[in-house]
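The structure file input.cif is reproduced below (mmCIF, C-alpha atoms).
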data_entry
#
loop_
_atom_site.label_atom_id
_atom_site.label_comp_id
_atom_site.auth_asym_id
_atom_site.auth_seq_id
_atom_site.Cartn_x
_atom_site.Cartn_y
_atom_site.Cartn_z
CA MET E 1 0.00 0.00 0.00
CA THR E 2 1.41 3.41 -0.99
CA LEU E 3 1.73 6.40 1.33
CA GLY E 4 -1.17 8.09 -0.45
CA GLU E 5 -3.41 5.05 -0.05
CA GLN E 6 -2.61 4.85 3.66
CA ILE E 7 -3.32 8.57 4.16
CA LYS E 8 -6.69 8.09 2.47
CA GLU E 9 -7.49 4.98 4.51
CA LEU E 10 -6.64 6.68 7.81
CA ARG E 11 -8.67 9.74 6.80
CA LEU E 12 -11.72 7.63 6.02
CA GLN E 13 -11.31 5.67 9.26
CA ARG E 14 -11.63 8.96 11.13
CA GLY E 15 -14.64 10.04 9.10
CA MET E 16 -12.85 13.07 7.71
CA SER E 17 -13.43 14.63 4.30
CA GLN E 18 -10.51 15.91 2.25
CA GLU E 19 -11.66 19.44 3.04
CA LYS E 20 -11.64 18.74 6.80
CA LEU E 21 -8.19 17.15 6.70
CA ALA E 22 -6.87 20.04 4.62
CA GLU E 23 -8.31 22.59 7.06
CA SER E 24 -6.81 20.75 10.06
CA MET E 25 -3.37 20.74 8.47
CA GLY E 26 -3.40 24.24 7.01
CA VAL E 27 -3.19 23.14 3.37
CA SER E 28 -5.51 23.18 0.37
CA ARG E 29 -7.89 20.36 -0.54
CA GLN E 30 -5.97 19.97 -3.79
CA ALA E 31 -2.81 19.20 -1.79
CA VAL E 32 -4.57 16.37 0.06
CA THR E 33 -5.92 15.05 -3.27
CA LYS E 34 -2.39 14.96 -4.67
CA TRP E 35 -1.07 13.14 -1.58
CA GLU E 36 -3.73 10.47 -1.84
CA SER E 37 -3.28 10.05 -5.59
CA GLY E 38 0.47 9.73 -5.19
CA GLN E 39 1.25 12.86 -7.21
CA SER E 40 3.08 14.43 -4.23
CA ALA E 41 3.87 13.85 -0.55
CA PRO E 42 3.60 16.08 2.56
CA SER E 43 6.58 18.44 2.73
CA THR E 44 8.35 20.23 5.60
CA GLY E 45 6.20 23.26 4.88
CA GLU E 46 2.93 21.53 5.72
CA ARG E 47 1.32 22.32 9.06
CA GLY E 48 -1.08 20.27 11.12
CA LEU E 49 -1.89 19.53 14.74
CA PRO E 50 0.21 18.18 17.65
CA PRO E 51 -0.14 14.64 18.99
CA ALA E 52 -2.19 14.30 22.18
CA GLY E 53 -0.29 15.71 25.17
CA GLY E 54 2.32 17.22 22.86
CA LYS E 55 4.32 13.97 22.89
CA THR E 56 6.49 13.05 19.97
CA GLY E 57 6.76 9.59 18.49
CA PRO E 58 9.40 8.09 16.20
CA ARG E 59 11.52 10.49 14.19
CA PRO E 60 9.38 11.87 11.33
CA CYS E 61 10.57 11.62 7.74
CA TRP E 62 8.11 14.20 6.39
CA GLY E 63 6.39 17.31 7.50
CA TRP E 64 7.14 18.74 10.87
CA ALA E 65 7.21 22.28 12.21
CA ILE E 66 7.81 23.66 15.67
CA TRP E 67 5.59 26.07 17.62
CA GLY E 68 7.34 26.42 20.98
CA ALA E 69 7.63 22.89 22.37
CA TYR E 70 4.94 21.40 20.13
CA LYS E 71 5.54 19.25 17.06
CA ILE E 72 2.71 20.42 14.84
CA PHE E 73 2.49 17.71 12.20
CA SER E 74 4.26 14.51 11.32
CA VAL E 75 3.96 11.61 8.93
CA GLU E 76 5.99 8.86 10.59
CA VAL E 77 7.58 6.12 8.54
CA ARG E 78 8.60 2.78 10.03
CA PRO E 79 9.58 -0.41 8.24
CA LEU E 80 6.52 -1.63 6.32
CA LYS E 81 4.30 0.80 8.24
CA VAL E 82 3.26 4.43 7.78
CA THR E 83 1.30 6.27 10.48
CA LEU E 84 -0.43 9.57 9.88
CA THR E 85 -1.10 11.48 13.11
CA LEU E 86 -4.43 13.27 13.07
CA GLN E 87 -5.90 14.90 16.13
CA ASN E 88 -8.96 16.90 17.03
CA ARG E 89 -7.89 20.55 17.25
CA ARG E 90 -10.03 21.43 20.29
CA GLY E 91 -7.92 21.97 23.40
CA GLU E 92 -4.57 21.10 21.80
CA PHE E 93 -3.01 24.53 22.35
CA MET E 94 -4.06 25.22 25.95
CA GLY E 95 -0.47 25.07 27.14
CA PHE E 96 0.49 27.80 24.69
CA TRP E 97 -2.62 29.78 25.67
CA TRP E 98 -1.64 29.74 29.35
CA PHE E 99 1.95 30.69 28.50
CA MET E 100 0.85 33.72 26.47
CA LEU E 101 -1.65 34.77 29.14
CA VAL E 102 1.11 34.84 31.75
CA CYS E 103 3.39 36.77 29.37
CA ASP E 104 0.67 39.33 28.67
CA LEU E 105 0.13 39.88 32.39
CA LEU E 106 3.81 40.74 32.94
CA ILE E 107 3.52 44.37 31.79
CA PRO E 108 0.47 45.17 33.99
CA ALA E 109 2.20 43.43 36.90
CA ALA E 110 5.43 45.37 36.32
CA MET E 111 3.53 48.65 36.11
CA GLY E 112 1.61 47.90 39.29
CA ILE E 113 4.63 46.79 41.32
CA THR E 114 6.97 49.53 40.05
CA GLY E 115 4.26 52.16 40.43
CA TYR E 116 3.58 51.17 44.02
CA ARG E 117 7.29 51.18 44.84
CA ILE E 118 8.05 54.68 43.51
CA TRP E 119 4.76 56.00 44.90
CA LYS E 120 5.28 54.74 48.45
CA HIS E 121 9.08 54.58 48.45
CA CYS E 122 10.37 57.34 46.20
CA PRO E 123 14.14 57.03 45.57
CA SER E 124 15.84 59.15 48.23
CA LYS E 125 18.27 60.69 45.75
CA ILE E 126 17.94 62.00 42.20
CA ASN E 127 19.63 59.40 40.02
CA PRO E 128 19.78 58.30 36.36
CA THR E 129 18.90 54.63 36.94
CA SER E 130 15.68 54.37 38.97
CA GLY E 131 12.50 56.34 39.44
CA TYR E 132 10.71 58.72 37.04
CA ARG E 133 13.54 60.40 35.17
CA THR E 134 12.98 63.37 32.85
CA ARG E 135 14.52 66.83 32.63
CA ARG E 136 11.63 68.40 34.54
CA SER E 137 11.51 65.77 37.26
CA MET E 138 15.26 65.86 37.96
CA GLN E 139 15.60 69.62 38.56
CA ASN E 140 15.48 69.35 42.36
CA MET E 141 14.21 67.06 45.15
CA GLU E 142 10.80 68.71 45.19
CA THR E 143 10.14 68.07 41.50
CA TRP E 144 11.68 64.60 41.89
CA LYS E 145 9.38 63.52 44.70
CA PHE E 146 6.31 65.04 43.07
CA ALA E 147 6.96 63.35 39.70
CA ASN E 148 7.66 59.93 41.23
CA THR E 149 4.61 60.07 43.47
CA TYR E 150 2.36 61.17 40.60
CA CYS E 151 3.76 58.62 38.14
CA GLY E 152 3.72 55.86 40.75
CA GLN E 153 0.02 56.36 41.48
CA LEU E 154 -0.73 56.46 37.75
CA TRP E 155 1.20 53.29 36.96
CA TYR E 156 -0.24 51.43 39.96
CA LYS E 157 -3.82 52.18 38.89
CA ALA E 158 -3.13 51.54 35.20
CA GLY E 159 -1.49 48.19 35.98
CA LEU E 160 -4.47 47.02 38.04
CA ILE E 161 -7.00 48.24 35.48
CA GLN E 162 -5.30 46.33 32.63
CA VAL E 163 -5.42 42.94 34.35
CA LEU E 164 -9.11 42.14 33.83
CA PRO E 165 -9.30 43.33 30.18
CA THR E 166 -6.19 41.28 29.38
CA ILE E 167 -7.76 38.13 30.86
CA ALA E 168 -11.12 38.88 29.21
CA VAL E 169 -9.53 39.14 25.75
CA HIS E 170 -7.56 35.92 26.26
CA VAL E 171 -10.69 34.03 27.29
CA GLN E 172 -12.05 34.69 23.79
CA TYR E 173 -9.11 32.71 22.37
CA VAL E 174 -9.39 29.53 24.43
CA ASN E 175 -8.85 26.50 22.15
CA ARG E 176 -7.93 28.73 19.20
CA GLU E 177 -4.91 27.97 17.02
CA VAL E 178 -1.43 29.14 17.93
CA ASN E 179 -1.24 31.84 15.28
CA GLU E 180 -4.54 33.39 16.43
CA ILE E 181 -3.44 33.37 20.07
CA GLY E 182 -0.08 34.84 19.09
CA ILE E 183 -1.60 37.69 17.09
CA ALA E 184 -4.04 38.53 19.90
CA SER E 185 -1.15 38.59 22.39
CA LEU E 186 0.89 40.93 20.20
CA VAL E 187 -2.05 43.33 19.97
CA ILE E 188 -2.49 43.22 23.77
CA VAL E 189 1.21 43.92 24.37
CA GLY E 190 1.08 46.78 21.88
CA VAL E 191 -1.82 48.38 23.74
CA GLN E 192 -0.09 47.89 27.11
CA LEU E 193 3.15 49.46 25.89
CA THR E 194 1.20 52.38 24.43
CA VAL E 195 -0.49 52.98 27.79
CA MET E 196 2.88 52.85 29.52
CA LEU E 197 4.50 55.36 27.15
CA LEU E 198 1.52 57.72 27.08
CA SER E 199 1.60 57.93 30.89
CA ILE E 200 4.52 60.34 30.48
CA ILE E 201 2.16 63.00 29.10
CA PRO E 202 -0.03 63.55 32.21
CA VAL E 203 3.01 63.46 34.50
CA GLU E 204 4.81 66.13 32.48
CA LYS E 205 1.64 68.25 32.35
CA ALA E 206 1.29 68.00 36.13
CA LEU E 207 4.93 69.03 36.59
CA LYS E 208 4.52 71.97 34.23
CA LYS E 209 1.37 73.08 36.04
CA LYS E 210 2.91 72.93 39.53
CA PHE E 211 6.46 74.12 38.84
CA ASN E 212 8.17 76.88 36.89
CA LYS E 213 10.87 76.15 34.31
CA ASP E 214 13.56 76.59 36.97
CA GLY E 215 11.89 74.04 39.26
CA THR E 216 10.43 76.47 41.75
CA VAL E 217 6.80 76.04 42.86
CA ARG E 218 4.36 78.33 41.03
#
Structure rendered as structure tokens:
Amino acid sequence: MTLGEQIKELRLQRGMSQEKLAESMGVSRQAVTKWESGQSAPSTGERGLPPAGGKTGPRPCWGWAIWGAYKIFSVEVRPLKVTLTLQNRRGEFMGFWWFMLVCDLLIPAAMGITGYRIWKHCPSKINPTSGYRTRRSMQNMETWKFANTYCGQLWYKAGLIQVLPTIAVHVQYVNREVNEIGIASLVIVGVQLTVMLLSIIPVEKALKKKFNKDGTVR
């Protein structure tokens, strides 16, 4: 029995149409037709789904790709035996989902922790390595303490506020494919970084409103 015949037999055993198999593996229906007819074989560019539990079997001869620690697709060849691994996509990427959720919570956590620290424990000396550091804030100790307290409160609140929306967005991507989860995570990180950078604007406005250009109180 040829490789194509065995792919077809295994597909039919699982009650899958060519369209369903093609969708699961990220290829066109025509590609599956060619595999089964023997016109071509799965290549290293083909993508499918990981074995249950993310475990790997014998060394694949065709078609594998890596997403993190997951082997996405393999056609394994043993002496006189070919095994095509096909899995239901639901729930296969939960490990990656949890990993990205934790990563996306790092920025809100960092903002909250750092904000609380500089709010409640402002650096005792003006320095170039820690605290809120801009030209206006570093003019004297009064501007320094004001800027760090103001920024600290802002970051602390912003960090806490971002936690629930981040989780809420991720919940919408439970059991989605890796690329969808990855794109959503990049968008979330982009929004979080934007919030962090834009926080400079209200702090600088508050400094300008309270202090003169030379750092004296208005």
Considering all atoms listed in the file, return as a PyMOL selection string whatever protein or nucleic-acid residues lie within 8 Å of Leu3 (chain E), sequence-local ones (same chain, fewer than 6 positions apart) excluded. chain E and resi 35-36+38+41+82
Region 115-125 of chain E environment, 10 Å, only C-alpha atoms, sequence neighbours closer than 6 positions dropped, as a ChimeraX atom specification: /E:109,131-132,138,140-141,144-159
For the file shown, report as a PDB file with C-alpha atoms, keeping the file's coordinate frame the outcome of the PyMOL selection byres ((chain E and resi 195-197) around 10) at residue level.
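Result file is selection05.pdb:
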ATOM      1  CA  ILE E 107       3.520  44.370  31.790  1.00  0.00           C
ATOM      2  CA  PRO E 108       0.470  45.170  33.990  1.00  0.00           C
ATOM      3  CA  MET E 111       3.530  48.650  36.110  1.00  0.00           C
ATOM      4  CA  LEU E 154      -0.730  56.460  37.750  1.00  0.00           C
ATOM      5  CA  TRP E 155       1.200  53.290  36.960  1.00  0.00           C
ATOM      6  CA  ALA E 158      -3.130  51.540  35.200  1.00  0.00           C
ATOM      7  CA  GLY E 159      -1.490  48.190  35.980  1.00  0.00           C
ATOM      8  CA  GLN E 162      -5.300  46.330  32.630  1.00  0.00           C
ATOM      9  CA  VAL E 189       1.210  43.920  24.370  1.00  0.00           C
ATOM     10  CA  GLY E 190       1.080  46.780  21.880  1.00  0.00           C
ATOM     11  CA  VAL E 191      -1.820  48.380  23.740  1.00  0.00           C
ATOM     12  CA  GLN E 192      -0.090  47.890  27.110  1.00  0.00           C
ATOM     13  CA  LEU E 193       3.150  49.460  25.890  1.00  0.00           C
ATOM     14  CA  THR E 194       1.200  52.380  24.430  1.00  0.00           C
ATOM     15  CA  LEU E 198       1.520  57.720  27.080  1.00  0.00           C
ATOM     16  CA  SER E 199       1.600  57.930  30.890  1.00  0.00           C
ATOM     17  CA  ILE E 200       4.520  60.340  30.480  1.00  0.00           C
ATOM     18  CA  ILE E 201       2.160  63.000  29.100  1.00  0.00           C
TER      19      ILE E 201
END
For Phe211 (chain E), which residue out of E:Ser28, E:Arg136, E:Thr114, E:Leu12 is the nearest one, using only C-alpha atoms?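 Nearest candidate to Phe211 (chain E) out of E:Ser28, E:Arg136, E:Thr114, E:Leu12: E:Arg136.
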With only C-alpha atoms as the basis for distance, which of E:Thr143, E:Arg176, E:Ala110, E:His170 is at the shortest distance from Ala206 (chain E)?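 Nearest candidate to Ala206 (chain E) out of E:Thr143, E:Arg176, E:Ala110, E:His170: E:Thr143.
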Carefully work through the PyMOL selection byres ((chain E and resi 213) around 12) for this structure and note down the residues it includes, as a list in words.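 Evaluating the PyMOL selection byres ((chain E and resi 213) around 12) on this file yields Arg135, Arg136, Ser137, Met138, Gln139, Asn140, Thr143, Glu204, Leu207, Lys208, Lys209, Lys210, Phe211, Asn212, Asp214, Gly215, Thr216, Val217 and Arg218 of chain E.
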Expected file contents, prior selection, C-alpha atoms, as a short mmCIF file (atom, residue, chain, number, x, y, z; two decimals), in the coordinates of the input:
data_model
loop_
_atom_site.label_atom_id
_atom_site.label_comp_id
_atom_site.auth_asym_id
_atom_site.auth_seq_id
_atom_site.Cartn_x
_atom_site.Cartn_y
_atom_site.Cartn_z
CA ARG E 135 14.52 66.83 32.63
CA ARG E 136 11.63 68.40 34.54
CA SER E 137 11.51 65.77 37.26
CA MET E 138 15.26 65.86 37.96
CA GLN E 139 15.60 69.62 38.56
CA ASN E 140 15.48 69.35 42.36
CA THR E 143 10.14 68.07 41.50
CA GLU E 204 4.81 66.13 32.48
CA LEU E 207 4.93 69.03 36.59
CA LYS E 208 4.52 71.97 34.23
CA LYS E 209 1.37 73.08 36.04
CA LYS E 210 2.91 72.93 39.53
CA PHE E 211 6.46 74.12 38.84
CA ASN E 212 8.17 76.88 36.89
CA ASP E 214 13.56 76.59 36.97
CA GLY E 215 11.89 74.04 39.26
CA THR E 216 10.43 76.47 41.75
CA VAL E 217 6.80 76.04 42.86
CA ARG E 218 4.36 78.33 41.03
#
Counting all atoms listed in the file, closest pick from E:Glu23, E:Gly15, E:Lys8, E:Val169 relative to Leu101 (chain E) is E:Val169
Around (-7.8, 10.4, 1.9) in the file's own coordinates, what residues are found within 10 Å if you use only C-alpha atoms, given back as a PyMOL selection string? chain E and resi 4-13+15-19+21+32-37
